[in-house]
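Participant: Pasting in a structure now, in structure tokens, and then I'll have a few things to ask.
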Amino acid sequence: MSTLSISGLNVHFSTEAGSLHALKDVTFDVPERRIVGIVGESGCGKSTLINAILGLLSDNGEVRSGQILFEGDQDLARLSRGQMQDLRGPRIATVFQDPMGALNPVLSVGRQMINIQYRSPQSRAAKAARAVEMLKLVRIPDAESALGRYPHQFSGGMKQRIAIAMALMMEPALLIADEPTTALDATLEVTTIELLKDLQATIGCSVMFISHHLGVIAELCDDVVVMYAGEVVERGTVRDVFRAPAHPYTRRLLECDPARQSRRTRVLPTIPGEIPDLRQRPRGCVFAPRCLERHAGCDTPQVEHALAGDHRARCNLAPARSPAAVPP
Amino acid sequence: MLNYAVKRLGLSVAIVSLAMFLLFCMIYLVPGDPASVALGPRATEAMKEAMRVRMGLDQPVWVQFWNFFTGAWTGDLGEEVLSGRPVLDVVLEQLPYTLVLIAGGISWSVALGIPLGCWAAINRGSFADRLVGILSVAVIAVPSFVVAIYALLIFAVTLQWLPAIGAGEPGDVGDQLVHLILPSLAVGLGWVGYIARMVRASMLEVLEASHIRTARAFGLPERLITYRYALTIAILPTITLLGIGIGQMLSSAVFAEIVFARPGVGKLVYDAILTRNFPLVTGAVLVTTVIFVLLNLIADLIVGALDPRVRSSF
């Protein structure tokens with residue numbers, strides 16, 4: 001059973017300039033106890049995806065169709081506000097990108113950690129003890145006195161570790177990590193990733209890890225989902241996708257990774273062009289205007305082709321390129 | 001917190017000293033001879049000379065300033081001209097009436113302004129939000145003396161619900177409160193608008209902050225998020241604004257006290273100016289300045305108590 005199973009998810013936003021199709025036919029699984037990386041450039045729909053899962057889409061956003069099955073039986077897209085609120089926190093926890101702003105500046109860390117446990121019938125002292133235990137787990141020095149301190153008294157890396165401690169305190173089934181290391185410097189990034197990996201193994205939750213850092217995805221994740229302009233263009237195990245990328249976008253993305261540059265260069269490769277206007281989605285492939293391998297078939301709707309194993313790509317050329325392709 | 005309070009108190013002392021210096025300059029530069037004003041038109045030159053010596057006006061200007069400065073800090077503001085009573089006693093006698101009036105004005109503005117602003121922010125873009133917006137601008141635009149006169153005409157004269165003049169029977173708290181309603185409304189009504197707008201704006205800003213999104217992602221109840229996580233931050237600039245606004249309320253209090261014939265420092269200053277009782281004017285202005293600085297200090301201490309970032313930045 002998958003912890004999270006999203007199928008055919010379509011999210012629209014109504015704007016003054018018309019309806020914006022932000023997520024189109026998004027389908028992927030977060031299997032139990034696995035870490036799934038979501039990768040894509042800014043504007044690819046990562047934030048909309050998180051908000052749709054959490055039921056926190058802004059008022060003009062709407063799930064038009066599709067399912068977000070959580071633990072096999074609950075469709076998050078159909079739950080009431082109250083039911084959704086009961087899942088957020090204890091069952092689905094989130095760590096956001098900005099560690100500086102993620103904690104409330106006027107409440108002490110202890111107060112915030114105790115508030116999160118508001119559903120628990122335990123005493124205040126027990127809740128505080130639980131908070132201290134979690135702070136120790138994320139290696140906050142002097143955890144007891146940290147409860148009485150305020151967010152501005154901690155460094156950025158410590159704040160992000162506190163945010164992780166808060167998220168994992170209720171032992172959720174699913175942790176959504178939205179670029180949790182992007183705002184940190186490189187050394188902190190490595191330690192935070194390792195910490196996250198350790199904690200995931202200890203608590204045994206599934207993780208949906210959003211990042212645009214391919215190195216981090218390769219290091220941390222089991223599976224990867226590549227998103228472009230609100231569509232899943234390729235998904236599979238990290239091994240399959242990184243070794244044999246089947247979608248031209250994934251290939252370009254990997255080429256652009258600075259860590260993969262073998263020659264000295266002053267000019268890092270980029271993908272020219274921008275994400276298309278999602279109010280007027282093309283009928284054919286959404287990546288075609290920027291694709292180097294454009295051909296006549298790009299103007300027809302693209303379907304997701306199953307390749308070797310669980311490897312799938314939404315490009316009509318994918319089966320022909322992949323030797324192990326399975327006919328759809 | 002104590003550290004912050006002590007430093008902030010030091011700053012207040014400096015502000016009051018500066019205000020004293022400016023006040024002294026103003027008195028010194030006002031044309032006319034205080035001694036002749038005090039003694040009236042029929043005083044002889046010898047009497048005026050004696051009066052000047054008694055008031056210290058024959059001393060060099062820095063000695064005069066030093067005497068004024070040390071006198072003021074030790075509570076000696078001189079004697080008023082008409083009765084010869086110490087100025088400080090006369091002012092302190094009237095001060096409670098004005099303080100109660102200001103407190104009433106603040107109560108109106110806080111009790112109406114914060115919920116209205118909060119309500120408008122939560123229902124952003126709705127009819128209620130627009131209504132609050134229009135009403136805020138309307139009450140800000142009406143000067144307090146106009147509010148005072150119309151409140152008097154409508155509620156005291158026409159409807160006869162509330163008393164028109166005075167501060168109520170001494171010792172009868174209920175009667176005093178009834179007499180306070182209209183004057184304090186005149187002082188505070190404009191500030192209902194300022195505070196509603198301020199709270200709405202800062203509330204909208206805070207509700208967009210990522211820590212609020214985090215709080216929602218933890219499934220915290222919306223009430224806790226609105227009132228504990230967001231409003232605590234959103235009212236901080238409002239408290240500072242209110243501290244500054246007390247200055248304007250003190251000037252509105254002058255009109256309210258005249259229109260409603262209430263005792264108070266404003267009425268005292270008004271009468272003192274009409275009778276050219278300059279020591280009393282100076283003393284009353286100085287006491288008002290101290291009150292203003294003190295209330296600002298209190299506002300900053302409240303902000304410090306609510307916001308840990310302010311405490312540690314001092």
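Every chain in the structure tokens takes a letter, A first, then B, and so on in the order presented; its residues are numbered from 1, and the ligands are numbered from 1 following the presented order.
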Hey, could you make a per-residue contact list for chain A against chain B with 8 Å as the cut-off, showing the nearest pair of atoms and its distance in Å to one decimal, counting only C-alpha atoms, sorted by chain and number, as a Markdown table?

Facilitator:
| residue | atom | partner | partner_atom | distance |
| --- | --- | --- | --- | --- |
| A:Leu54 | CA | B:Ala217 | CA | 6.9 |
| A:Gln85 | CA | B:Gly219 | CA | 4.7 |
| A:Asp86 | CA | B:Gly219 | CA | 6.3 |
| A:Leu87 | CA | B:Gly219 | CA | 7.2 |
| A:Arg88 | CA | B:Gly219 | CA | 4.7 |
| A:Gly89 | CA | B:Phe218 | CA | 3.9 |
| A:Pro90 | CA | B:Phe218 | CA | 7.6 |
| A:Ala93 | CA | B:Phe218 | CA | 6.5 |
| A:Thr94 | CA | B:Ala217 | CA | 6.3 |
| A:Val95 | CA | B:Thr214 | CA | 7.7 |
| A:Phe96 | CA | B:Thr214 | CA | 7.2 |
| A:Asp98 | CA | B:Ser210 | CA | 7.6 |
| A:Gly101 | CA | B:His211 | CA | 5.6 |
| A:Ala102 | CA | B:His211 | CA | 4.2 |
| A:Leu103 | CA | B:His211 | CA | 5.1 |
| A:Asn104 | CA | B:His211 | CA | 5.4 |
| A:Pro105 | CA | B:Arg309 | CA | 7.5 |
| A:Val106 | CA | B:Asp307 | CA | 5.3 |
| A:Leu107 | CA | B:Tyr229 | CA | 7.8 |
| A:Asn115 | CA | B:Leu220 | CA | 7.7 |
| A:Ile116 | CA | B:Phe218 | CA | 6.5 |
| A:Tyr118 | CA | B:Leu220 | CA | 7.8 |
| A:Tyr150 | CA | B:Pro308 | CA | 7.0 |
| A:His152 | CA | B:Arg309 | CA | 6.8 |
| A:Ala167 | CA | B:Phe218 | CA | 7.7 |

Participant: Could the residues in this selection be written to a file with N, CA and C atoms, as a PDB file, in the first residue's frame?

Facilitator:
ATOM      1  N   LEU A  54      -2.291  19.242   1.044  1.00  0.00           N
ATOM      2  CA  LEU A  54      -2.602  19.692   2.403  1.00  0.00           C
ATOM      3  C   LEU A  54      -3.998  20.305   2.507  1.00  0.00           C
ATOM      4  N   GLN A  85      -8.067  19.012   8.523  1.00  0.00           N
ATOM      5  CA  GLN A  85      -7.301  19.651   9.594  1.00  0.00           C
ATOM      6  C   GLN A  85      -6.803  18.625  10.607  1.00  0.00           C
ATOM      7  N   ASP A  86      -7.607  17.540  10.799  1.00  0.00           N
ATOM      8  CA  ASP A  86      -7.192  16.505  11.731  1.00  0.00           C
ATOM      9  C   ASP A  86      -6.010  15.693  11.201  1.00  0.00           C
ATOM     10  N   LEU A  87      -5.880  15.648   9.873  1.00  0.00           N
ATOM     11  CA  LEU A  87      -4.750  14.904   9.302  1.00  0.00           C
ATOM     12  C   LEU A  87      -3.471  15.731   9.309  1.00  0.00           C
ATOM     13  N   ARG A  88      -3.633  17.046   9.058  1.00  0.00           N
ATOM     14  CA  ARG A  88      -2.451  17.908   9.004  1.00  0.00           C
ATOM     15  C   ARG A  88      -1.811  17.982  10.378  1.00  0.00           C
ATOM     16  N   GLY A  89      -0.519  17.680  10.426  1.00  0.00           N
ATOM     17  CA  GLY A  89       0.152  17.682  11.718  1.00  0.00           C
ATOM     18  C   GLY A  89       0.403  16.265  12.196  1.00  0.00           C
ATOM     19  N   PRO A  90      -0.617  15.569  12.707  1.00  0.00           N
ATOM     20  CA  PRO A  90      -0.357  14.221  13.229  1.00  0.00           C
ATOM     21  C   PRO A  90      -0.069  13.180  12.144  1.00  0.00           C
ATOM     22  N   ALA A  93       2.868  15.820   7.915  1.00  0.00           N
ATOM     23  CA  ALA A  93       3.576  16.979   8.436  1.00  0.00           C
ATOM     24  C   ALA A  93       4.388  17.618   7.324  1.00  0.00           C
ATOM     25  N   THR A  94       4.662  18.911   7.489  1.00  0.00           N
ATOM     26  CA  THR A  94       5.342  19.644   6.427  1.00  0.00           C
ATOM     27  C   THR A  94       6.498  20.464   6.983  1.00  0.00           C
ATOM     28  N   VAL A  95       7.595  20.462   6.272  1.00  0.00           N
ATOM     29  CA  VAL A  95       8.705  21.374   6.575  1.00  0.00           C
ATOM     30  C   VAL A  95       8.845  22.289   5.370  1.00  0.00           C
ATOM     31  N   PHE A  96       8.747  23.596   5.616  1.00  0.00           N
ATOM     32  CA  PHE A  96       8.794  24.530   4.499  1.00  0.00           C
ATOM     33  C   PHE A  96      10.202  25.040   4.259  1.00  0.00           C
ATOM     34  N   ASP A  98      11.583  28.118   3.951  1.00  0.00           N
ATOM     35  CA  ASP A  98      12.213  29.278   4.581  1.00  0.00           C
ATOM     36  C   ASP A  98      12.343  29.076   6.093  1.00  0.00           C
ATOM     37  N   GLY A 101      11.483  32.180   8.410  1.00  0.00           N
ATOM     38  CA  GLY A 101      10.117  32.637   8.618  1.00  0.00           C
ATOM     39  C   GLY A 101       9.153  31.551   9.045  1.00  0.00           C
ATOM     40  N   ALA A 102       9.639  30.302   9.162  1.00  0.00           N
ATOM     41  CA  ALA A 102       8.710  29.196   9.387  1.00  0.00           C
ATOM     42  C   ALA A 102       8.211  29.129  10.824  1.00  0.00           C
ATOM     43  N   LEU A 103       8.943  29.760  11.747  1.00  0.00           N
ATOM     44  CA  LEU A 103       8.526  29.715  13.148  1.00  0.00           C
ATOM     45  C   LEU A 103       7.937  31.068  13.534  1.00  0.00           C
ATOM     46  N   ASN A 104       6.948  31.034  14.414  1.00  0.00           N
ATOM     47  CA  ASN A 104       6.313  32.280  14.835  1.00  0.00           C
ATOM     48  C   ASN A 104       7.283  33.098  15.685  1.00  0.00           C
ATOM     49  N   PRO A 105       7.534  34.371  15.302  1.00  0.00           N
ATOM     50  CA  PRO A 105       8.564  35.142  15.993  1.00  0.00           C
ATOM     51  C   PRO A 105       8.222  35.553  17.422  1.00  0.00           C
ATOM     52  N   VAL A 106       6.935  35.579  17.782  1.00  0.00           N
ATOM     53  CA  VAL A 106       6.603  36.095  19.115  1.00  0.00           C
ATOM     54  C   VAL A 106       6.229  34.999  20.114  1.00  0.00           C
ATOM     55  N   LEU A 107       6.297  33.745  19.695  1.00  0.00           N
ATOM     56  CA  LEU A 107       6.015  32.657  20.634  1.00  0.00           C
ATOM     57  C   LEU A 107       7.301  31.860  20.843  1.00  0.00           C
ATOM     58  N   ASN A 115       1.863  23.704  21.482  1.00  0.00           N
ATOM     59  CA  ASN A 115       0.620  23.983  20.749  1.00  0.00           C
ATOM     60  C   ASN A 115       0.350  22.949  19.667  1.00  0.00           C
ATOM     61  N   ILE A 116       1.414  22.501  19.006  1.00  0.00           N
ATOM     62  CA  ILE A 116       1.221  21.520  17.931  1.00  0.00           C
ATOM     63  C   ILE A 116       0.592  20.240  18.473  1.00  0.00           C
ATOM     64  N   TYR A 118      -1.739  19.985  20.489  1.00  0.00           N
ATOM     65  CA  TYR A 118      -2.969  20.364  21.203  1.00  0.00           C
ATOM     66  C   TYR A 118      -4.027  19.265  21.230  1.00  0.00           C
ATOM     67  N   TYR A 150      13.315  32.083  21.870  1.00  0.00           N
ATOM     68  CA  TYR A 150      12.497  32.491  20.726  1.00  0.00           C
ATOM     69  C   TYR A 150      13.259  32.239  19.432  1.00  0.00           C
ATOM     70  N   HIS A 152      14.297  33.951  16.954  1.00  0.00           N
ATOM     71  CA  HIS A 152      15.407  34.803  16.508  1.00  0.00           C
ATOM     72  C   HIS A 152      16.692  34.530  17.269  1.00  0.00           C
ATOM     73  N   ALA A 167       7.892  18.904  12.896  1.00  0.00           N
ATOM     74  CA  ALA A 167       7.152  18.123  11.903  1.00  0.00           C
ATOM     75  C   ALA A 167       7.097  16.649  12.289  1.00  0.00           C
TER      76      ALA A 167
END

Participant: Skipping near chain neighbours, those fewer than 3 positions away, what residues fall within 7 Å of A:Val132 using only C-alpha atoms, listed as a PDB file with N, CA, C and O atoms, in the first residue's frame?

Facilitator:
ATOM      1  N   ALA A 128       5.879  18.990  27.011  1.00  0.00           N
ATOM      2  CA  ALA A 128       7.162  19.681  27.016  1.00  0.00           C
ATOM      3  C   ALA A 128       8.300  18.664  26.964  1.00  0.00           C
ATOM      4  O   ALA A 128       9.294  18.866  26.251  1.00  0.00           O
ATOM      5  N   ALA A 129       8.140  17.555  27.694  1.00  0.00           N
ATOM      6  CA  ALA A 129       9.175  16.520  27.699  1.00  0.00           C
ATOM      7  C   ALA A 129       9.329  15.924  26.299  1.00  0.00           C
ATOM      8  O   ALA A 129      10.447  15.671  25.835  1.00  0.00           O
ATOM      9  N   LEU A 135      13.868  17.813  20.275  1.00  0.00           N
ATOM     10  CA  LEU A 135      14.960  18.762  20.043  1.00  0.00           C
ATOM     11  C   LEU A 135      16.310  18.076  20.195  1.00  0.00           C
ATOM     12  O   LEU A 135      17.268  18.371  19.482  1.00  0.00           O
ATOM     13  N   LYS A 136      16.382  17.117  21.154  1.00  0.00           N
ATOM     14  CA  LYS A 136      17.633  16.372  21.320  1.00  0.00           C
ATOM     15  C   LYS A 136      17.901  15.525  20.081  1.00  0.00           C
ATOM     16  O   LYS A 136      19.039  15.400  19.638  1.00  0.00           O
ATOM     17  N   ALA A 143      18.791  21.387  25.001  1.00  0.00           N
ATOM     18  CA  ALA A 143      17.401  21.341  24.541  1.00  0.00           C
ATOM     19  C   ALA A 143      16.403  21.858  25.577  1.00  0.00           C
ATOM     20  O   ALA A 143      15.418  22.502  25.215  1.00  0.00           O
ATOM     21  N   GLU A 144      16.667  21.613  26.881  1.00  0.00           N
ATOM     22  CA  GLU A 144      15.707  22.046  27.909  1.00  0.00           C
ATOM     23  C   GLU A 144      15.524  23.560  27.877  1.00  0.00           C
ATOM     24  O   GLU A 144      14.404  24.063  27.903  1.00  0.00           O
TER      25      GLU A 144
END

Participant: Run DSSP on the backbone and give me the residues of stretch 117-180 of chain A it puts in strand (DSSP E or B), as a count of residues only.

Facilitator: 5

Participant: Can you list, as a VMD selection string, every residue of stretch 1-217 of chain B that DSSP puts in helix (DSSP H, G or I)?

Facilitator: chain B and resid 2 to 29 34 to 39 45 to 55 61 to 73 87 to 122 127 to 141 144 to 158 173 to 207 210 to 217

Participant: Using only C-alpha atoms, find the one residue out of B:Glu93, B:Ile302, B:Val199, B:Trp161 that sits nearest to B:Val265.

Facilitator: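 Among the listed residues, the smallest separation from B:Val265 belongs to B:Glu93.
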
Participant: Show me, as a PyMOL selection string, the residues that have an atom within 8 Å of A:Met100 when counting only C-alpha atoms, minus same-chain residues fewer than 6 positions from it.

Facilitator: chain A and resi 156+159-160

Participant: Looking at B:Ala186, B:Ala14, B:Met1, B:Leu180, which one is nearest to B:Pro263, with distances taken over only C-alpha atoms?

Facilitator: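 Nearest to B:Pro263: B:Leu180.
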
Participant: Which neighbours of A:Ser47 fall inside 12 Å, counting only C-alpha atoms, when residues of the same chain fewer than 6 positions from it are skipped, and could you give them as a PyMOL selection string?

Facilitator: chain A and resi 11+22-23+38-41+53-58+94+96-97+176-179+209-211+227+229-230

Participant: Which neighbours of B:Ile15 fall inside 12 Å, counting only C-alpha atoms, when residues of the same chain fewer than 6 positions from it are skipped, and could you give them as a PDB file with C-alpha atoms, in the first residue's frame?

Facilitator:
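Result file out-v4.pdb:
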ATOM      1  CA  ARG B   8      13.847  52.665  27.595  1.00  0.00           C
ATOM      2  CA  LEU B   9      13.278  54.678  30.813  1.00  0.00           C
ATOM      3  CA  PHE B  21      14.795  72.857  26.867  1.00  0.00           C
ATOM      4  CA  LEU B  22      12.477  73.552  23.937  1.00  0.00           C
ATOM      5  CA  LEU B 286       5.242  70.373  30.810  1.00  0.00           C
ATOM      6  CA  THR B 289       4.579  66.379  27.932  1.00  0.00           C
ATOM      7  CA  VAL B 290       5.624  64.089  30.778  1.00  0.00           C
ATOM      8  CA  ILE B 291       2.303  62.234  30.521  1.00  0.00           C
ATOM      9  CA  PHE B 292       2.762  61.826  26.775  1.00  0.00           C
ATOM     10  CA  VAL B 293       6.306  60.497  27.205  1.00  0.00           C
ATOM     11  CA  LEU B 294       5.168  58.181  30.013  1.00  0.00           C
ATOM     12  CA  ASN B 296       4.672  56.213  25.052  1.00  0.00           C
ATOM     13  CA  LEU B 297       7.023  54.439  27.427  1.00  0.00           C
TER      14      LEU B 297
END

Participant: What's the separation between atom CA of A:Asp29 and atom CA of A:Lys197, in Å to one decimal place?

Facilitator: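 Atom CA of A:Lys197 lies at a distance of 19.2 Å from atom CA of A:Asp29.
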
Participant: Pick out the residues sitting within 10 Å of stretch 287-293 of chain A, and hand them over as an NGL selection string; count only C-alpha atoms, and ignore anything fewer than 6 positions along from it in its own chain.

Facilitator: :A and (228-229 or 231 or 233 or 247-249 or 252 or 271-276 or 299 or 315 or 317)

Participant: Can you write just those residues out, all heavy atoms, as a tab-separated table (two decimals), in the first residue's frame?

Facilitator:
chain	number	residue	atom	x	y	z
A	228	TYR	N	7.21	19.38	-14.96
A	228	TYR	CA	7.43	20.54	-15.82
A	228	TYR	C	6.07	21.15	-16.13
A	228	TYR	O	5.16	20.45	-16.59
A	228	TYR	CB	8.14	20.13	-17.12
A	228	TYR	CG	8.36	21.30	-18.03
A	228	TYR	CD1	9.39	22.20	-17.77
A	228	TYR	CD2	7.52	21.55	-19.10
A	228	TYR	CE1	9.57	23.31	-18.56
A	228	TYR	CE2	7.70	22.67	-19.90
A	228	TYR	CZ	8.73	23.55	-19.62
A	228	TYR	OH	8.91	24.66	-20.40
A	229	ALA	N	5.93	22.42	-15.88
A	229	ALA	CA	4.71	23.18	-16.18
A	229	ALA	C	3.45	22.47	-15.69
A	229	ALA	O	2.45	22.39	-16.38
A	229	ALA	CB	4.61	23.46	-17.68
A	231	GLU	N	2.98	19.33	-15.07
A	231	GLU	CA	2.79	17.94	-15.49
A	231	GLU	C	3.94	17.10	-14.98
A	231	GLU	O	5.06	17.59	-14.84
A	231	GLU	CB	2.77	17.84	-17.03
A	231	GLU	CG	1.56	18.47	-17.66
A	231	GLU	CD	1.60	18.31	-19.18
A	231	GLU	OE1	2.20	17.34	-19.67
A	231	GLU	OE2	1.03	19.18	-19.86
A	233	VAL	N	6.51	14.76	-16.08
A	233	VAL	CA	7.04	14.36	-17.38
A	233	VAL	C	7.78	13.04	-17.30
A	233	VAL	O	7.87	12.32	-18.28
A	233	VAL	CB	7.92	15.45	-18.03
A	233	VAL	CG1	7.08	16.67	-18.39
A	233	VAL	CG2	9.06	15.83	-17.13
A	247	HIS	N	12.94	11.40	-20.87
A	247	HIS	CA	12.28	12.61	-21.35
A	247	HIS	C	13.33	13.67	-21.67
A	247	HIS	O	14.26	13.86	-20.88
A	247	HIS	CB	11.30	13.13	-20.29
A	247	HIS	CG	10.32	14.14	-20.84
A	247	HIS	ND1	10.67	15.43	-21.11
A	247	HIS	CD2	9.01	14.02	-21.18
A	247	HIS	CE1	9.62	16.08	-21.58
A	247	HIS	NE2	8.61	15.24	-21.64
A	248	PRO	N	13.19	14.36	-22.79
A	248	PRO	CA	14.19	15.39	-23.14
A	248	PRO	C	14.39	16.42	-22.04
A	248	PRO	O	15.51	16.89	-21.83
A	248	PRO	CB	13.60	16.03	-24.39
A	248	PRO	CG	12.68	15.03	-24.97
A	248	PRO	CD	12.15	14.23	-23.83
A	249	TYR	N	13.32	16.76	-21.31
A	249	TYR	CA	13.45	17.77	-20.24
A	249	TYR	C	14.36	17.25	-19.14
A	249	TYR	O	15.24	17.97	-18.65
A	249	TYR	CB	12.07	18.12	-19.68
A	249	TYR	CG	12.15	19.09	-18.52
A	249	TYR	CD1	12.63	20.38	-18.73
A	249	TYR	CD2	11.75	18.73	-17.24
A	249	TYR	CE1	12.72	21.28	-17.68
A	249	TYR	CE2	11.83	19.62	-16.19
A	249	TYR	CZ	12.32	20.90	-16.42
A	249	TYR	OH	12.40	21.78	-15.38
A	252	ARG	N	17.91	17.49	-20.29
A	252	ARG	CA	18.44	18.85	-20.25
A	252	ARG	C	18.72	19.28	-18.81
A	252	ARG	O	19.72	19.92	-18.51
A	252	ARG	CB	17.46	19.85	-20.88
A	252	ARG	CG	17.16	19.66	-22.35
A	252	ARG	CD	18.39	19.61	-23.22
A	252	ARG	NE	19.36	20.69	-23.00
A	252	ARG	CZ	19.29	21.88	-23.59
A	252	ARG	NH1	18.33	22.16	-24.41
A	252	ARG	NH2	20.20	22.79	-23.35
A	271	ILE	N	18.61	25.96	-19.95
A	271	ILE	CA	17.57	25.60	-20.92
A	271	ILE	C	16.94	26.91	-21.36
A	271	ILE	O	16.28	27.58	-20.57
A	271	ILE	CB	16.50	24.69	-20.28
A	271	ILE	CG1	17.17	23.49	-19.59
A	271	ILE	CG2	15.50	24.23	-21.33
A	271	ILE	CD1	16.19	22.55	-18.91
A	272	PRO	N	17.17	27.33	-22.61
A	272	PRO	CA	16.62	28.62	-23.04
A	272	PRO	C	15.09	28.58	-23.03
A	272	PRO	O	14.47	27.52	-23.16
A	272	PRO	CB	17.15	28.79	-24.46
A	272	PRO	CG	18.11	27.68	-24.69
A	272	PRO	CD	17.85	26.62	-23.68
A	273	GLY	N	14.50	29.75	-22.89
A	273	GLY	CA	13.04	29.84	-22.90
A	273	GLY	C	12.47	29.79	-21.51
A	273	GLY	O	13.20	29.67	-20.52
A	274	GLU	N	11.16	29.91	-21.43
A	274	GLU	CA	10.49	29.93	-20.14
A	274	GLU	C	9.32	28.97	-20.14
A	274	GLU	O	8.86	28.53	-21.20
A	274	GLU	CB	9.95	31.35	-19.85
A	274	GLU	CG	10.99	32.29	-19.32
A	274	GLU	CD	10.53	33.72	-19.39
A	274	GLU	OE1	9.30	33.93	-19.32
A	274	GLU	OE2	11.39	34.62	-19.53
A	275	ILE	N	8.81	28.70	-18.93
A	275	ILE	CA	7.61	27.86	-18.81
A	275	ILE	C	6.46	28.56	-19.52
A	275	ILE	O	6.29	29.77	-19.38
A	275	ILE	CB	7.31	27.61	-17.31
A	275	ILE	CG1	8.30	26.56	-16.80
A	275	ILE	CG2	5.88	27.17	-17.09
A	275	ILE	CD1	8.04	26.09	-15.41
A	276	PRO	N	5.68	27.84	-20.32
A	276	PRO	CA	4.61	28.50	-21.10
A	276	PRO	C	3.51	29.05	-20.20
A	276	PRO	O	3.42	28.70	-19.02
A	276	PRO	CB	4.07	27.37	-21.97
A	276	PRO	CG	4.40	26.13	-21.23
A	276	PRO	CD	5.70	26.39	-20.55
A	299	ASP	N	3.13	17.79	-31.55
A	299	ASP	CA	1.90	18.57	-31.55
A	299	ASP	C	0.67	17.74	-31.16
A	299	ASP	O	-0.40	18.29	-30.96
A	299	ASP	CB	1.68	19.20	-32.93
A	299	ASP	CG	2.75	20.24	-33.21
A	299	ASP	OD1	3.25	20.82	-32.22
A	299	ASP	OD2	3.08	20.45	-34.38
A	315	CYS	N	6.56	11.28	-23.09
A	315	CYS	CA	7.11	11.76	-24.35
A	315	CYS	C	6.88	10.66	-25.36
A	315	CYS	O	7.21	9.50	-25.11
A	315	CYS	CB	8.61	12.06	-24.21
A	315	CYS	SG	9.38	12.51	-25.78
A	317	LEU	N	8.36	9.97	-27.89
A	317	LEU	CA	9.59	9.37	-28.42
A	317	LEU	C	10.21	8.39	-27.44
A	317	LEU	O	11.12	7.65	-27.79
A	317	LEU	CB	10.60	10.48	-28.73
A	317	LEU	CG	10.44	11.22	-30.04
A	317	LEU	CD1	11.58	12.20	-30.20
A	317	LEU	CD2	10.41	10.25	-31.20
